[in-house]
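**Student:** Sharing a structure below in structure tokens format, with a few things to ask.
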Number of protein chains: 2
Amino acid sequence: MALRHAVLAALLDEELSGYQLAKAFDLGVANFWHALPQQLYAELTRLEKDGLIAGREVVQDTRPNKRLFTVTEAGLAELEAFTASVAKPSSIRDDLIVKVQAADHVDPQTLIAQLTERAAFARAKVDLFGGLLDRMRGERSEEEFLRYGERIGPYLTCLRGLAFERGNRDWCERTVAVLREREAARATR
Amino acid sequence: MALRHAVLAALLDEELSGYQLAKAFDLGVANFWHALPQQLYAELTRLEKDGLIAGREVVQDTRPNKRLFTVTEAGLAELEAFTASVAKPSSIRDDLIVKVQAADHVDPQTLIAQLTERAAFARAKVDLFGGLLDRMRGERSEEEFLRYGERIGPYLTCLRGLAFERGNRDWCERTVAVLREREAARATR
DNA sequence: GCCCGCATGTAAGGCGTTACATGATTAA
DNA sequence: TTAATCATGTAACGCCTTACATGCGGGC
């Protein structure tokens, strides 16, 4: 049950609507968790019912009305308890890695295409996260920001996301290079 | 539905029983996927029913009998199709990152303890994967092995696992250092 | 004598994904 | 006028996790 806590953590720094949360948890900006809009609307309903967040209706003229949510005292306590609870070890769960595991038995060209696509995606995320980090620390150097900044949580998680996507990019590129070399060697044999 | 394909990929290189698979997919050796024994036994039943794997009973005296599974032609075709299908982008899903996202609002000592524990776990995995890679490539250098070795799939996925755990280790250590520095600064204020 | 390893499952419940549904405004 | 953005959901299905169940053999 970690989606609740991810939502609570996201609402700590700013009041957000379900729609805004959905955008934050989508592929683009989710540097620490991923979820679909349906999950979020359902979870927000449950969180409010349990008194961990409080919503307030905002009436809009030109746009549909929306509900903005804030973390309550109880919600903060819940997060505190979650933080103290045992963490399960994380593991990657990625279709692409399964495909590479079977590399010796499937068509290399297909694999190369998939890896190339993923590398491009990873590069885009590296750029995105780099930009986010720049904006968060402003004029300050990273060292300075992390020592004296007020809100470093989102920065730290973004650093993890950045390193992860760099890892993806590098591994994909390396793997493509290996597969290409073997293909070339096979052709001249 | 990627567990099926992960199982198929794992059975490509050797005939395994459910129990052996369960060990491979457990925390210790799962360098490309993770699953619990119950999932695996259920999936093996389904895979056999669908004709993607074939099982043969091995009678043992001193131990309970077991069933060893091999990938069939149809199973290989299924894997081939899976490899060609679109891959979803992978994303990290990790309790610990959620906790760090809330770093500015929860007790730093608790967080430091969790991060320290995770760093130790990551170091253990780095060692484990390093050893596995050594054993796979034997006498050969990495370059040589990847160019001329016969089974490089498992090696490549293990490389991804190694890089991922190094990333975990480094990020945990860095984050602990940052939190400690801020705690020290707060104490002298 | 007790716990660990081998070997295989069932059952229930929670979480995530896919598909479907609605309806207004604004920019291309 | 067509598509994208804002805004919020319902329903069905499938995967993952947690708990429970069984039974023999070997080492400390």
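Simple scheme: letters A, B, ... for chains in structure tokens order, numbers from 1 for residues in each chain, numbers from 1 for ligands in the order shown.
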Please tabulate, as a tab-separated table, the residues of chain B that come within 6 Å of chain A, each with its closest pair of atoms and the distance in Å to one decimal, counting only C-alpha atoms and ordering rows by chain, then residue number upward.
**Tutor:**
```
residue	atom	partner	partner_atom	distance
B:Ala6	CA	A:Val98	CA	5.6
B:Ala9	CA	A:Ala102	CA	5.2
B:Trp33	CA	A:Arg93	CA	5.8
B:Glu80	CA	A:Val106	CA	5.7
B:Thr83	CA	A:Lys99	CA	5.6
B:Ala84	CA	A:Thr110	CA	5.9
B:Ser90	CA	A:Asp94	CA	5.4
B:Arg93	CA	A:Trp33	CA	5.8
B:Asp94	CA	A:Ser90	CA	5.4
B:Val98	CA	A:Ala6	CA	5.6
B:Lys99	CA	A:Thr83	CA	5.6
B:Val100	CA	A:Gly153	CA	5.6
B:Gln101	CA	A:Gly153	CA	4.3
B:Ala102	CA	A:Ala9	CA	5.2
B:Ala103	CA	A:Gly153	CA	4.9
B:Asp104	CA	A:Arg151	CA	5.9
B:Val106	CA	A:Glu80	CA	5.7
B:Thr110	CA	A:Ala84	CA	5.9
B:Arg147	CA	A:Arg182	CA	5.9
B:Arg151	CA	A:Asp104	CA	6.0
B:Gly153	CA	A:Gln101	CA	4.3
B:Pro154	CA	A:Gln101	CA	5.2
B:Thr157	CA	A:Gln101	CA	5.9
B:Arg182	CA	A:Arg147	CA	5.9
```
**Student:** Taking only C-alpha atoms (C1' of nucleotides) into account, find every residue of chain A that has an atom no more than 12 Å from chain C, and write it out as number ranges by chain.
**Tutor:** A: 1-4, 34-40, 42-43, 60-65
**Student:** Using only C-alpha atoms (C1' of nucleotides), determine which residues lie at most 12 Å from Asp134 in chain A, disregarding the query and same-chain residues fewer than 5 positions distant; provide the list as a list in words.
**Tutor:** Asp127, Leu128, Phe129, Glu139, Arg140, Ser141, Glu142, Phe145, Tyr155, Cys158 and Leu159 of chain A
**Student:** Could you save those same residues with N, CA and C atoms as a PDB file, in the first residue's frame?
**Tutor:**
```pdb
ATOM      1  N   ASP A 127      17.488  14.581 -19.933  1.00  0.00           N
ATOM      2  CA  ASP A 127      17.382  16.024 -20.193  1.00  0.00           C
ATOM      3  C   ASP A 127      16.314  16.651 -19.308  1.00  0.00           C
ATOM      4  N   LEU A 128      15.157  15.993 -19.245  1.00  0.00           N
ATOM      5  CA  LEU A 128      14.048  16.509 -18.445  1.00  0.00           C
ATOM      6  C   LEU A 128      14.444  16.665 -16.983  1.00  0.00           C
ATOM      7  N   PHE A 129      15.019  15.623 -16.425  1.00  0.00           N
ATOM      8  CA  PHE A 129      15.404  15.655 -15.015  1.00  0.00           C
ATOM      9  C   PHE A 129      16.516  16.677 -14.771  1.00  0.00           C
ATOM     10  N   GLU A 139      20.168  29.604  -8.583  1.00  0.00           N
ATOM     11  CA  GLU A 139      21.521  30.131  -8.749  1.00  0.00           C
ATOM     12  C   GLU A 139      22.562  29.284  -8.028  1.00  0.00           C
ATOM     13  N   ARG A 140      22.118  28.627  -6.970  1.00  0.00           N
ATOM     14  CA  ARG A 140      23.052  27.935  -6.088  1.00  0.00           C
ATOM     15  C   ARG A 140      23.714  26.708  -6.720  1.00  0.00           C
ATOM     16  N   SER A 141      24.878  26.362  -6.230  1.00  0.00           N
ATOM     17  CA  SER A 141      25.522  25.111  -6.639  1.00  0.00           C
ATOM     18  C   SER A 141      24.787  23.968  -5.949  1.00  0.00           C
ATOM     19  N   GLU A 142      24.984  22.745  -6.449  1.00  0.00           N
ATOM     20  CA  GLU A 142      24.289  21.608  -5.859  1.00  0.00           C
ATOM     21  C   GLU A 142      24.657  21.424  -4.392  1.00  0.00           C
ATOM     22  N   PHE A 145      22.979  24.138  -2.350  1.00  0.00           N
ATOM     23  CA  PHE A 145      21.535  23.910  -2.271  1.00  0.00           C
ATOM     24  C   PHE A 145      21.196  22.786  -1.291  1.00  0.00           C
ATOM     25  N   TYR A 155      14.336  17.192  -4.748  1.00  0.00           N
ATOM     26  CA  TYR A 155      15.631  17.259  -5.450  1.00  0.00           C
ATOM     27  C   TYR A 155      16.357  15.911  -5.363  1.00  0.00           C
ATOM     28  N   CYS A 158      14.770  13.271  -7.471  1.00  0.00           N
ATOM     29  CA  CYS A 158      15.029  13.556  -8.884  1.00  0.00           C
ATOM     30  C   CYS A 158      16.448  13.121  -9.253  1.00  0.00           C
ATOM     31  N   LEU A 159      17.373  13.279  -8.322  1.00  0.00           N
ATOM     32  CA  LEU A 159      18.741  12.797  -8.547  1.00  0.00           C
ATOM     33  C   LEU A 159      18.745  11.291  -8.797  1.00  0.00           C
TER      34      LEU A 159
END
```
**Student:** Any idea which chain D residues end up within 8 Å of chain B if we count only C-alpha atoms (C1' of nucleotides), as number ranges by chain please?
**Tutor:** D: 15, 24-25
**Student:** Please, could you write that set of residues out with all heavy atoms as an mmCIF file, in the first residue's frame?
**Tutor:**
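Output below, filename again-v3.cif:
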```cif
data_model
loop_
_atom_site.group_PDB
_atom_site.id
_atom_site.type_symbol
_atom_site.label_atom_id
_atom_site.label_comp_id
_atom_site.auth_asym_id
_atom_site.auth_seq_id
_atom_site.Cartn_x
_atom_site.Cartn_y
_atom_site.Cartn_z
ATOM 1 P P DC D 15 -2.104 -11.843 -16.148
ATOM 2 O OP1 DC D 15 -1.552 -11.818 -17.512
ATOM 3 O OP2 DC D 15 -2.627 -13.092 -15.553
ATOM 4 O "O5'" DC D 15 -1.000 -11.238 -15.174
ATOM 5 C "C5'" DC D 15 -0.672 -9.851 -15.253
ATOM 6 C "C4'" DC D 15 -0.313 -9.349 -13.877
ATOM 7 O "O4'" DC D 15 -1.489 -9.297 -13.045
ATOM 8 C "C3'" DC D 15 0.706 -10.234 -13.150
ATOM 9 O "O3'" DC D 15 1.788 -9.388 -12.788
ATOM 10 C "C2'" DC D 15 -0.063 -10.772 -11.940
ATOM 11 C "C1'" DC D 15 -1.132 -9.704 -11.733
ATOM 12 N N1 DC D 15 -2.397 -10.117 -11.066
ATOM 13 C C2 DC D 15 -2.825 -9.423 -9.915
ATOM 14 O O2 DC D 15 -2.119 -8.515 -9.460
ATOM 15 N N3 DC D 15 -3.989 -9.782 -9.321
ATOM 16 C C4 DC D 15 -4.725 -10.773 -9.836
ATOM 17 N N4 DC D 15 -5.873 -11.070 -9.224
ATOM 18 C C5 DC D 15 -4.321 -11.487 -11.013
ATOM 19 C C6 DC D 15 -3.158 -11.132 -11.596
ATOM 20 P P DC D 24 5.800 -38.054 5.758
ATOM 21 O OP1 DC D 24 4.915 -39.231 5.633
ATOM 22 O OP2 DC D 24 5.996 -37.410 7.073
ATOM 23 O "O5'" DC D 24 7.223 -38.486 5.178
ATOM 24 C "C5'" DC D 24 7.400 -38.612 3.761
ATOM 25 C "C4'" DC D 24 8.783 -38.110 3.389
ATOM 26 O "O4'" DC D 24 8.832 -36.672 3.493
ATOM 27 C "C3'" DC D 24 9.910 -38.651 4.279
ATOM 28 O "O3'" DC D 24 10.887 -39.266 3.462
ATOM 29 C "C2'" DC D 24 10.443 -37.422 5.012
ATOM 30 C "C1'" DC D 24 10.083 -36.301 4.045
ATOM 31 N N1 DC D 24 9.912 -34.958 4.687
ATOM 32 C C2 DC D 24 10.740 -33.887 4.284
ATOM 33 O O2 DC D 24 11.605 -34.085 3.420
ATOM 34 N N3 DC D 24 10.581 -32.667 4.878
ATOM 35 C C4 DC D 24 9.650 -32.504 5.816
ATOM 36 N N4 DC D 24 9.522 -31.287 6.363
ATOM 37 C C5 DC D 24 8.793 -33.570 6.227
ATOM 38 C C6 DC D 24 8.960 -34.768 5.649
ATOM 39 P P DG D 25 12.065 -40.160 4.077
ATOM 40 O OP1 DG D 25 12.313 -41.264 3.124
ATOM 41 O OP2 DG D 25 11.742 -40.445 5.492
ATOM 42 O "O5'" DG D 25 13.313 -39.177 4.045
ATOM 43 C "C5'" DG D 25 13.827 -38.725 2.801
ATOM 44 C "C4'" DG D 25 15.008 -37.814 3.041
ATOM 45 O "O4'" DG D 25 14.558 -36.580 3.652
ATOM 46 C "C3'" DG D 25 16.071 -38.397 3.967
ATOM 47 O "O3'" DG D 25 17.354 -38.122 3.392
ATOM 48 C "C2'" DG D 25 15.866 -37.658 5.291
ATOM 49 C "C1'" DG D 25 15.302 -36.312 4.826
ATOM 50 N N9 DG D 25 14.381 -35.671 5.768
ATOM 51 C C8 DG D 25 13.322 -36.249 6.427
ATOM 52 N N7 DG D 25 12.661 -35.409 7.187
ATOM 53 C C5 DG D 25 13.333 -34.208 7.016
ATOM 54 C C6 DG D 25 13.084 -32.933 7.590
ATOM 55 O O6 DG D 25 12.191 -32.605 8.384
ATOM 56 N N1 DG D 25 14.005 -31.988 7.141
ATOM 57 C C2 DG D 25 15.028 -32.235 6.261
ATOM 58 N N2 DG D 25 15.799 -31.212 5.954
ATOM 59 N N3 DG D 25 15.279 -33.421 5.722
ATOM 60 C C4 DG D 25 14.386 -34.352 6.144
#
```
**Student:** Would you mind reading off the distance between CA of Ala120 in chain A and CA of Lys23 in chain A, one decimal, in Å?
**Tutor:**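 According to the coordinates, CA of Ala120 in chain A and CA of Lys23 in chain A are separated by 21.5 Å.
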**Student:** Neighbours of Glu73 in chain B within 9 Å (only C-alpha atoms (C1' of nucleotides); same-chain residues fewer than 2 positions away dropped), as JSON, numbers by chain?
**Tutor:** {"B": [51, 52, 53, 71, 75, 76, 77, 78]}
**Student:** Store the residues of this selection in a file with N, CA and C atoms, as a short mmCIF file (atom, residue, chain, number, x, y, z; two decimals), in the first residue's frame.
**Tutor:**
```cif
data_model
loop_
_atom_site.label_atom_id
_atom_site.label_comp_id
_atom_site.auth_asym_id
_atom_site.auth_seq_id
_atom_site.Cartn_x
_atom_site.Cartn_y
_atom_site.Cartn_z
N GLY B 51 1.00 -25.25 -23.77
CA GLY B 51 1.95 -25.90 -24.66
C GLY B 51 3.22 -25.11 -24.93
N LEU B 52 3.49 -24.12 -24.10
CA LEU B 52 4.69 -23.31 -24.33
C LEU B 52 5.92 -23.90 -23.63
N ILE B 53 5.67 -24.74 -22.63
CA ILE B 53 6.76 -25.50 -22.01
C ILE B 53 6.32 -26.95 -21.88
N VAL B 71 11.48 -25.31 -22.70
CA VAL B 71 10.70 -24.49 -23.62
C VAL B 71 10.44 -25.26 -24.90
N GLY B 75 6.75 -22.20 -27.45
CA GLY B 75 7.22 -21.27 -26.43
C GLY B 75 8.24 -20.30 -27.00
N LEU B 76 9.13 -20.83 -27.81
CA LEU B 76 10.15 -20.00 -28.43
C LEU B 76 9.50 -18.98 -29.37
N ALA B 77 8.50 -19.43 -30.10
CA ALA B 77 7.77 -18.53 -31.00
C ALA B 77 7.09 -17.42 -30.21
N GLU B 78 6.51 -17.80 -29.07
CA GLU B 78 5.85 -16.82 -28.19
C GLU B 78 6.85 -15.77 -27.72
#
```
**Student:** From chain A, collect each residue whose DSSP state is strand (DSSP E) and return the set as a list in words.
**Tutor:**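 Going through chain A, the strand (DSSP E) residues come out as Leu16, Ser17, Ile53, Ala54, Gly55, Arg56, Glu57, Val58, Lys66, Arg67, Leu68, Phe69, Thr70 and Val71 of chain A.
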**Student:** Give me a file of those residues, with N, CA and C atoms, as a PDB file, in the first residue's frame.
**Tutor:**
```pdb
ATOM      1  N   LEU A  16      -2.803  20.296  -4.611  1.00  0.00           N
ATOM      2  CA  LEU A  16      -2.999  19.887  -5.998  1.00  0.00           C
ATOM      3  C   LEU A  16      -4.370  19.271  -6.218  1.00  0.00           C
ATOM      4  N   SER A  17      -4.840  19.310  -7.472  1.00  0.00           N
ATOM      5  CA  SER A  17      -6.068  18.624  -7.847  1.00  0.00           C
ATOM      6  C   SER A  17      -5.720  17.222  -8.340  1.00  0.00           C
ATOM      7  N   ILE A  53      -6.205  13.391   4.008  1.00  0.00           N
ATOM      8  CA  ILE A  53      -6.124  14.625   3.228  1.00  0.00           C
ATOM      9  C   ILE A  53      -7.464  15.358   3.334  1.00  0.00           C
ATOM     10  N   ALA A  54      -7.421  16.660   3.061  1.00  0.00           N
ATOM     11  CA  ALA A  54      -8.641  17.456   3.058  1.00  0.00           C
ATOM     12  C   ALA A  54      -8.771  18.135   1.701  1.00  0.00           C
ATOM     13  N   GLY A  55      -9.961  18.037   1.104  1.00  0.00           N
ATOM     14  CA  GLY A  55     -10.171  18.652  -0.200  1.00  0.00           C
ATOM     15  C   GLY A  55     -11.044  19.888  -0.092  1.00  0.00           C
ATOM     16  N   ARG A  56     -10.793  20.868  -0.965  1.00  0.00           N
ATOM     17  CA  ARG A  56     -11.698  22.016  -1.003  1.00  0.00           C
ATOM     18  C   ARG A  56     -12.068  22.303  -2.457  1.00  0.00           C
ATOM     19  N   GLU A  57     -13.338  22.543  -2.685  1.00  0.00           N
ATOM     20  CA  GLU A  57     -13.861  22.781  -4.027  1.00  0.00           C
ATOM     21  C   GLU A  57     -13.435  24.170  -4.504  1.00  0.00           C
ATOM     22  N   VAL A  58     -12.921  24.231  -5.723  1.00  0.00           N
ATOM     23  CA  VAL A  58     -12.614  25.529  -6.321  1.00  0.00           C
ATOM     24  C   VAL A  58     -13.496  25.710  -7.543  1.00  0.00           C
ATOM     25  N   LYS A  66     -12.864  22.167  -9.795  1.00  0.00           N
ATOM     26  CA  LYS A  66     -11.888  21.160  -9.373  1.00  0.00           C
ATOM     27  C   LYS A  66     -11.775  21.138  -7.860  1.00  0.00           C
ATOM     28  N   ARG A  67     -11.147  20.073  -7.355  1.00  0.00           N
ATOM     29  CA  ARG A  67     -10.965  19.950  -5.909  1.00  0.00           C
ATOM     30  C   ARG A  67      -9.478  19.882  -5.593  1.00  0.00           C
ATOM     31  N   LEU A  68      -9.024  20.812  -4.743  1.00  0.00           N
ATOM     32  CA  LEU A  68      -7.610  20.846  -4.348  1.00  0.00           C
ATOM     33  C   LEU A  68      -7.447  20.154  -2.996  1.00  0.00           C
ATOM     34  N   PHE A  69      -6.352  19.376  -2.872  1.00  0.00           N
ATOM     35  CA  PHE A  69      -6.162  18.566  -1.664  1.00  0.00           C
ATOM     36  C   PHE A  69      -4.913  18.969  -0.875  1.00  0.00           C
ATOM     37  N   THR A  70      -5.044  18.909   0.429  1.00  0.00           N
ATOM     38  CA  THR A  70      -3.920  19.165   1.334  1.00  0.00           C
ATOM     39  C   THR A  70      -3.793  18.017   2.317  1.00  0.00           C
ATOM     40  N   VAL A  71      -2.580  17.777   2.792  1.00  0.00           N
ATOM     41  CA  VAL A  71      -2.339  16.731   3.786  1.00  0.00           C
ATOM     42  C   VAL A  71      -2.758  17.239   5.165  1.00  0.00           C
TER      43      VAL A  71
END
```
**Student:** Which of these, A:Leu162, A:Tyr41, A:Lys49, A:Thr72, has the shortest distance to Glu15 in chain A once you count only C-alpha atoms?
**Tutor:**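 Using only C-alpha atoms, Glu15 in chain A sits closest to A:Thr72.
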**Student:** Step one, run DSSP on the backbone; step two, keep only residues of range 77-143 of chain B assigned to helix (DSSP H, G or I); then write them as JSON, numbers by chain.
**Tutor:** {"B": [77, 78, 79, 80, 81, 82, 83, 84, 95, 96, 97, 98, 99, 100, 101, 108, 109, 110, 111, 112, 113, 114, 115, 116, 117, 118, 119, 120, 121, 122, 123, 124, 125, 126, 127, 128, 129, 130, 131, 132, 133, 134, 135, 136, 137, 142, 143]}
**Student:** Keeping C-alpha atoms for every residue in the selection just given, could you write it to a file as a short mmCIF file (atom, residue, chain, number, x, y, z; two decimals), in the first residue's frame?
**Tutor:**
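Output contents, as saved in again_2.cif:
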```cif
data_model
loop_
_atom_site.label_atom_id
_atom_site.label_comp_id
_atom_site.auth_asym_id
_atom_site.auth_seq_id
_atom_site.Cartn_x
_atom_site.Cartn_y
_atom_site.Cartn_z
CA ALA B 77 7.77 -18.53 -31.00
CA GLU B 78 5.85 -16.82 -28.19
CA LEU B 79 9.09 -15.28 -26.89
CA GLU B 80 9.98 -14.14 -30.38
CA ALA B 81 6.59 -12.42 -30.69
CA PHE B 82 6.99 -10.86 -27.26
CA THR B 83 10.40 -9.48 -28.21
CA ALA B 84 8.92 -7.80 -31.27
CA ASP B 95 9.10 2.74 -1.06
CA LEU B 96 12.41 4.24 -0.05
CA ILE B 97 12.25 6.94 -2.72
CA VAL B 98 8.79 7.93 -1.51
CA LYS B 99 10.20 8.31 1.97
CA VAL B 100 13.02 10.53 0.73
CA GLN B 101 10.51 12.64 -1.22
CA PRO B 108 15.83 12.54 9.42
CA GLN B 109 17.25 9.89 11.79
CA THR B 110 14.66 7.35 10.69
CA LEU B 111 15.44 8.11 7.09
CA ILE B 112 19.18 7.80 7.66
CA ALA B 113 18.68 4.38 9.23
CA GLN B 114 16.62 3.17 6.27
CA LEU B 115 19.08 4.50 3.73
CA THR B 116 22.02 2.93 5.55
CA GLU B 117 20.30 -0.44 5.55
CA ARG B 118 19.50 -0.18 1.87
CA ALA B 119 23.06 0.82 1.05
CA ALA B 120 24.32 -2.33 2.78
CA PHE B 121 21.84 -4.45 0.83
CA ALA B 122 22.92 -2.82 -2.43
CA ARG B 123 26.60 -3.48 -1.63
CA ALA B 124 25.80 -7.16 -1.07
CA LYS B 125 24.08 -7.34 -4.45
CA VAL B 126 26.94 -5.56 -6.17
CA ASP B 127 29.30 -8.22 -4.81
CA LEU B 128 26.94 -11.02 -5.79
CA PHE B 129 26.50 -9.78 -9.34
CA GLY B 130 30.22 -9.12 -9.67
CA GLY B 131 30.89 -12.74 -8.74
CA LEU B 132 28.27 -14.05 -11.17
CA LEU B 133 29.79 -12.05 -14.00
CA ASP B 134 33.27 -13.35 -13.17
CA ARG B 135 32.02 -16.92 -13.26
CA MET B 136 30.17 -16.45 -16.54
CA ARG B 137 33.07 -14.99 -18.47
CA GLU B 142 34.62 -8.82 -20.80
CA GLU B 143 35.22 -7.50 -24.30
#
```
